[in-house]
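Enquirer: Let me begin by handing over the structure; questions about it come next.
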Amino acid sequence: IVDFKRYPSLYIDGKPGSGKSTAIETVLRSLLKGQDQLKVMLVTTKPDFRNLKQEVGEGLVLIDIFDGLFADQAQNIMAIFKEIDDMAQNHRKTGELSSIQYMLIFDEAKDYLAKERSDDKITQGIKEELINLVYTHIRRNARYLQVPIIVASQTQNEGDLAIPLKMFHLRLASSTNEAMRRILWGDKRLTDQSFNQGKFLLKMPENEHMLRIAM
């Protein structure tokens with residue numbers, strides 16, 4: 001069971017085809033249905049979510065990180081973080097939160113939240129800024145502002161992503177085999193017992209959403 005109030009940052013890992021993007025789409029369809037006060041930023045490198053964007057409309061801010069210039073798309077991401085930062089400053093002054101709820105999702109994060117030797121200096125600088133924004137959000141605003149963040153990637157090793165995986169409040173595997181491997185190794189922090197049932201529960205402040213993972 002994943003309660004975003006208790007676990008405001010969630011990391012989902014798994015091999016290609018294990019169901020990470022399908023899980024995200026299932027969550028989004030449930031969250032955005034009939035919601036006009038929820039704004040979700042979904043950053044991805046795949047075209048899988050374009051039909052979903054047409055269905056749900058303005059509630060989903062879809063950013064294909066490699067659709068056009070990387071620098072331009074990165075600016076779009078930074079603009080959302082600026083909105084959240086403004087909300088944080090207003091909260092400190094007035095004690096009130098915005099009527100609009102935010103949620104941040106980074107799919108295939110290894111493609112743009114990891115440094116590559118082949119990156120030029122401009123790309124390196126942009127990636128460092130994005131990484132710092134995500135890092136700061138996990139440490140501070142995810143819980144403080146109740147703005148959940150989900151990061152999904154094919155990460156297999158701790159060093160594959162520039163953000164330390166131990167920072168996340170909860171880490172889930174997208175396959176039963178991976179979850180069971182962690183249980184056998186006694187890695188309780190990085191698994192979730194409900195994988196034994198092939199499902200886990202994602203909870204937003206006012207709603208609960210059941211999600212079944214493809215096994």
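If you're wondering about the labels, chains in the structure tokens are A, B, ... by order shown, residues count from 1 in each chain, ligands from 1 in order shown.
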Give me, as a JSON list (two decimals) with all heavy atoms, in the first residue's frame, all polymer residues having an atom no more than 6 Å from stretch 43-54 of chain A, counting only C-alpha atoms and skipping those fewer than 4 positions away in the same chain.
Expert:
[["chain", "number", "residue", "atom", "x", "y", "z"],
["A", 63, "ILE", "N", 5.17, 16.27, -21.47],
["A", 63, "ILE", "CA", 6.43, 16.79, -22.01],
["A", 63, "ILE", "C", 7.25, 15.61, -22.52],
["A", 63, "ILE", "O", 7.77, 14.81, -21.72],
["A", 63, "ILE", "CB", 7.22, 17.57, -20.94],
["A", 63, "ILE", "CG1", 6.40, 18.77, -20.45],
["A", 63, "ILE", "CG2", 8.56, 18.04, -21.51],
["A", 63, "ILE", "CD1", 7.04, 19.55, -19.33],
["A", 64, "ASP", "N", 7.35, 15.50, -23.83],
["A", 64, "ASP", "CA", 8.23, 14.50, -24.45],
["A", 64, "ASP", "C", 9.61, 15.14, -24.54],
["A", 64, "ASP", "O", 9.84, 16.03, -25.34],
["A", 64, "ASP", "CB", 7.71, 14.11, -25.83],
["A", 64, "ASP", "CG", 8.53, 12.99, -26.47],
["A", 64, "ASP", "OD1", 9.69, 12.80, -26.05],
["A", 64, "ASP", "OD2", 8.03, 12.33, -27.39],
["A", 65, "ILE", "N", 10.52, 14.67, -23.70],
["A", 65, "ILE", "CA", 11.79, 15.36, -23.50],
["A", 65, "ILE", "C", 12.62, 15.45, -24.78],
["A", 65, "ILE", "O", 13.44, 16.35, -24.94],
["A", 65, "ILE", "CB", 12.60, 14.68, -22.38],
["A", 65, "ILE", "CG1", 13.69, 15.60, -21.85],
["A", 65, "ILE", "CG2", 13.16, 13.35, -22.83],
["A", 65, "ILE", "CD1", 13.21, 16.74, -21.03],
["A", 106, "PHE", "N", 8.06, 11.30, -13.74],
["A", 106, "PHE", "CA", 9.19, 11.24, -14.66],
["A", 106, "PHE", "C", 9.35, 9.79, -15.13],
["A", 106, "PHE", "O", 9.79, 8.93, -14.36],
["A", 106, "PHE", "CB", 10.47, 11.74, -13.98],
["A", 106, "PHE", "CG", 10.42, 13.19, -13.61],
["A", 106, "PHE", "CD1", 9.86, 13.59, -12.40],
["A", 106, "PHE", "CD2", 10.90, 14.16, -14.47],
["A", 106, "PHE", "CE1", 9.79, 14.94, -12.05],
["A", 106, "PHE", "CE2", 10.84, 15.50, -14.14],
["A", 106, "PHE", "CZ", 10.29, 15.90, -12.93],
["A", 107, "ASP", "N", 8.96, 9.53, -16.37],
["A", 107, "ASP", "CA", 9.04, 8.20, -16.94],
["A", 107, "ASP", "C", 10.35, 8.06, -17.73],
["A", 107, "ASP", "O", 10.80, 9.02, -18.34],
["A", 107, "ASP", "CB", 7.84, 7.95, -17.86],
["A", 107, "ASP", "CG", 7.77, 6.52, -18.36],
["A", 107, "ASP", "OD1", 8.17, 5.61, -17.62],
["A", 107, "ASP", "OD2", 7.31, 6.31, -19.50]]
Enquirer: Based on the backbone DSSP call, show me all residues of stretch 1-120 of chain A assigned alpha helix (DSSP H), as a ChimeraX atom specification.
Expert: /A:20-32,50-56,70-94
Enquirer: Counting only C-alpha atoms, which residue out of A:Met78, A:Ile24, A:Ile84, A:Ile100 sits closest to A:Gln37?
Expert: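 With only C-alpha atoms as the atom set, the closest residue is A:Ile100.
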Enquirer: Which polymer residues have any atom within 6 Å of an atom of stretch 109-113 of chain A, counting only C-alpha atoms, with same-chain residues fewer than 4 positions away left out, as a ChimeraX atom specification?
Expert: /A:131,153,161
Enquirer: From the set A:Ala88, A:Ala71, A:Leu172, A:Leu165, which residue has the shortest atom-to-atom contact distance to A:Leu145, counting only C-alpha atoms?
Expert: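 Among A:Ala88, A:Ala71, A:Leu172, A:Leu165, it is A:Ala88 that comes nearest to A:Leu145.
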Enquirer: Which of stretch 3-142 of chain A end up as strand (DSSP E or B) when DSSP is run on this backbone - answer as a PyMOL selection string?
Expert: chain A and resi 3+9-13+38-44+60-64+101-106
Enquirer: Between A:Asn76, A:Thr26, A:Ser18, A:Asn141, which is the closest to A:His91 once you count only C-alpha atoms?
Expert: A:Asn141
Enquirer: Rank A:Glu58, A:Asp119, A:Asp72, A:Glu83 by their smallest atom-to-atom distance to A:Tyr102, using only C-alpha atoms, and report the top residue only.
Expert: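 So, comparing all the options, the nearest one is A:Glu83.
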Enquirer: Got a sec: who's within 12 Å of A:Val56, counting only C-alpha atoms, leaving out chain neighbours fewer than 3 positions off, as a short mmCIF file (atom, residue, chain, number, x, y, z; two decimals) with all heavy atoms, in the first residue's frame?
Expert:
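Once written, result_31.cif looks like this:
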data_model
loop_
_atom_site.label_atom_id
_atom_site.label_comp_id
_atom_site.auth_asym_id
_atom_site.auth_seq_id
_atom_site.Cartn_x
_atom_site.Cartn_y
_atom_site.Cartn_z
N GLU A 25 0.15 4.97 -16.71
CA GLU A 25 -1.06 5.34 -17.46
C GLU A 25 -2.31 4.96 -16.69
O GLU A 25 -3.30 5.70 -16.68
CB GLU A 25 -1.06 4.65 -18.83
CG GLU A 25 -2.28 5.03 -19.67
CD GLU A 25 -2.22 4.49 -21.08
OE1 GLU A 25 -1.16 3.95 -21.48
OE2 GLU A 25 -3.24 4.59 -21.79
N LEU A 28 -2.85 7.51 -14.01
CA LEU A 28 -3.28 8.80 -14.56
C LEU A 28 -4.75 8.76 -14.97
O LEU A 28 -5.49 9.72 -14.73
CB LEU A 28 -2.41 9.18 -15.75
CG LEU A 28 -1.00 9.67 -15.40
CD1 LEU A 28 -0.19 9.89 -16.65
CD2 LEU A 28 -1.07 10.94 -14.58
N ARG A 29 -5.17 7.69 -15.61
CA ARG A 29 -6.57 7.59 -16.02
C ARG A 29 -7.50 7.66 -14.82
O ARG A 29 -8.56 8.28 -14.87
CB ARG A 29 -6.81 6.29 -16.79
CG ARG A 29 -6.22 6.29 -18.19
CD ARG A 29 -6.57 5.02 -18.95
NE ARG A 29 -5.96 4.99 -20.25
CZ ARG A 29 -6.44 5.62 -21.33
NH1 ARG A 29 -7.56 6.31 -21.22
NH2 ARG A 29 -5.82 5.56 -22.49
N SER A 30 -7.08 7.04 -13.75
CA SER A 30 -7.90 7.04 -12.54
C SER A 30 -7.88 8.41 -11.85
O SER A 30 -8.92 8.93 -11.45
CB SER A 30 -7.40 5.96 -11.58
OG SER A 30 -8.17 5.93 -10.41
N LEU A 31 -6.69 9.00 -11.75
CA LEU A 31 -6.56 10.27 -11.04
C LEU A 31 -7.25 11.42 -11.75
O LEU A 31 -7.86 12.29 -11.12
CB LEU A 31 -5.08 10.61 -10.85
CG LEU A 31 -4.29 9.79 -9.85
CD1 LEU A 31 -2.83 10.19 -9.90
CD2 LEU A 31 -4.83 9.98 -8.44
N LEU A 32 -7.12 11.46 -13.08
CA LEU A 32 -7.58 12.62 -13.84
C LEU A 32 -9.05 12.53 -14.25
O LEU A 32 -9.59 13.51 -14.75
CB LEU A 32 -6.72 12.80 -15.08
CG LEU A 32 -5.27 13.22 -14.80
CD1 LEU A 32 -4.42 13.12 -16.06
CD2 LEU A 32 -5.22 14.64 -14.25
N LYS A 33 -9.66 11.42 -14.02
CA LYS A 33 -11.07 11.26 -14.40
C LYS A 33 -11.95 12.15 -13.53
O LYS A 33 -12.07 11.97 -12.32
CB LYS A 33 -11.50 9.80 -14.26
CG LYS A 33 -12.89 9.52 -14.79
CD LYS A 33 -13.21 8.04 -14.70
CE LYS A 33 -14.60 7.74 -15.25
NZ LYS A 33 -14.92 6.29 -15.17
N GLY A 34 -12.56 13.14 -14.14
CA GLY A 34 -13.47 14.04 -13.43
C GLY A 34 -12.77 15.02 -12.50
O GLY A 34 -13.43 15.67 -11.70
N GLN A 35 -11.45 15.13 -12.59
CA GLN A 35 -10.70 16.05 -11.73
C GLN A 35 -10.39 17.34 -12.49
O GLN A 35 -9.85 17.30 -13.59
CB GLN A 35 -9.39 15.40 -11.30
CG GLN A 35 -9.54 14.35 -10.22
CD GLN A 35 -9.50 14.95 -8.82
OE1 GLN A 35 -9.55 16.17 -8.66
NE2 GLN A 35 -9.45 14.12 -7.82
N ASP A 36 -10.73 18.47 -11.91
CA ASP A 36 -10.37 19.74 -12.54
C ASP A 36 -9.43 20.56 -11.66
O ASP A 36 -9.04 21.66 -12.02
CB ASP A 36 -11.63 20.56 -12.86
CG ASP A 36 -12.47 20.83 -11.63
OD1 ASP A 36 -12.09 20.36 -10.53
OD2 ASP A 36 -13.51 21.49 -11.77
N LEU A 38 -6.53 19.03 -10.37
CA LEU A 38 -5.29 18.29 -10.33
C LEU A 38 -4.50 18.55 -11.61
O LEU A 38 -5.01 18.39 -12.71
CB LEU A 38 -5.55 16.78 -10.20
CG LEU A 38 -4.31 15.87 -10.22
CD1 LEU A 38 -3.41 16.18 -9.03
CD2 LEU A 38 -4.72 14.40 -10.22
N LYS A 39 -3.25 18.97 -11.45
CA LYS A 39 -2.38 19.23 -12.58
C LYS A 39 -1.20 18.27 -12.50
O LYS A 39 -0.43 18.30 -11.53
CB LYS A 39 -1.89 20.68 -12.54
CG LYS A 39 -1.08 21.10 -13.77
CD LYS A 39 -0.79 22.59 -13.72
CE LYS A 39 -0.07 23.07 -14.98
NZ LYS A 39 0.16 24.53 -14.95
N VAL A 40 -1.08 17.41 -13.49
CA VAL A 40 -0.03 16.41 -13.52
C VAL A 40 0.97 16.73 -14.62
O VAL A 40 0.58 16.91 -15.77
CB VAL A 40 -0.60 14.99 -13.75
CG1 VAL A 40 0.53 13.96 -13.80
CG2 VAL A 40 -1.60 14.63 -12.66
N PHE A 49 1.95 8.11 -24.34
CA PHE A 49 0.92 8.83 -23.58
C PHE A 49 0.18 9.89 -24.41
O PHE A 49 -0.62 10.63 -23.86
CB PHE A 49 1.56 9.50 -22.37
CG PHE A 49 2.22 8.54 -21.42
CD1 PHE A 49 3.58 8.31 -21.49
CD2 PHE A 49 1.47 7.85 -20.48
CE1 PHE A 49 4.21 7.42 -20.62
CE2 PHE A 49 2.08 6.95 -19.61
CZ PHE A 49 3.44 6.74 -19.68
N ARG A 50 0.44 9.96 -25.71
CA ARG A 50 -0.19 11.01 -26.51
C ARG A 50 -1.70 10.85 -26.61
O ARG A 50 -2.45 11.82 -26.55
CB ARG A 50 0.46 11.05 -27.90
CG ARG A 50 1.90 11.56 -27.87
CD ARG A 50 2.58 11.52 -29.21
NE ARG A 50 3.96 11.97 -29.11
CZ ARG A 50 4.84 11.91 -30.11
NH1 ARG A 50 4.47 11.40 -31.29
NH2 ARG A 50 6.07 12.34 -29.94
N ASN A 51 -2.16 9.62 -26.76
CA ASN A 51 -3.61 9.38 -26.81
C ASN A 51 -4.26 9.74 -25.49
O ASN A 51 -5.37 10.30 -25.44
CB ASN A 51 -3.90 7.92 -27.16
CG ASN A 51 -3.55 7.58 -28.60
OD1 ASN A 51 -3.51 8.46 -29.46
ND2 ASN A 51 -3.30 6.32 -28.87
N LEU A 52 -3.58 9.44 -24.40
CA LEU A 52 -4.10 9.79 -23.08
C LEU A 52 -4.22 11.29 -22.93
O LEU A 52 -5.20 11.79 -22.37
CB LEU A 52 -3.19 9.21 -22.00
CG LEU A 52 -3.58 9.52 -20.56
CD1 LEU A 52 -4.93 8.91 -20.22
CD2 LEU A 52 -2.51 9.02 -19.59
N LYS A 53 -3.24 12.03 -23.44
CA LYS A 53 -3.29 13.49 -23.37
C LYS A 53 -4.52 14.02 -24.09
O LYS A 53 -5.20 14.94 -23.60
CB LYS A 53 -2.01 14.06 -23.98
CG LYS A 53 -2.03 15.56 -24.25
CD LYS A 53 -2.18 16.37 -22.98
CE LYS A 53 -2.15 17.86 -23.27
NZ LYS A 53 -2.41 18.68 -22.06
N GLY A 59 -5.60 18.76 -17.83
CA GLY A 59 -5.12 18.28 -16.54
C GLY A 59 -3.76 17.61 -16.63
O GLY A 59 -3.05 17.50 -15.63
N LEU A 60 -3.38 17.17 -17.82
CA LEU A 60 -2.11 16.50 -18.01
C LEU A 60 -1.18 17.37 -18.86
O LEU A 60 -1.48 17.69 -20.01
CB LEU A 60 -2.31 15.14 -18.71
CG LEU A 60 -1.04 14.35 -19.06
CD1 LEU A 60 -0.26 14.03 -17.79
CD2 LEU A 60 -1.39 13.09 -19.83
N VAL A 61 -0.06 17.77 -18.27
CA VAL A 61 0.97 18.49 -18.99
C VAL A 61 1.99 17.46 -19.46
O VAL A 61 2.77 16.94 -18.66
CB VAL A 61 1.65 19.55 -18.10
CG1 VAL A 61 2.74 20.28 -18.88
CG2 VAL A 61 0.62 20.54 -17.57
N LEU A 62 1.93 17.11 -20.74
CA LEU A 62 2.77 16.06 -21.29
C LEU A 62 4.00 16.67 -21.94
O LEU A 62 3.89 17.49 -22.86
CB LEU A 62 1.99 15.22 -22.30
CG LEU A 62 2.74 14.06 -22.97
CD1 LEU A 62 3.21 13.05 -21.92
CD2 LEU A 62 1.85 13.39 -24.00
#
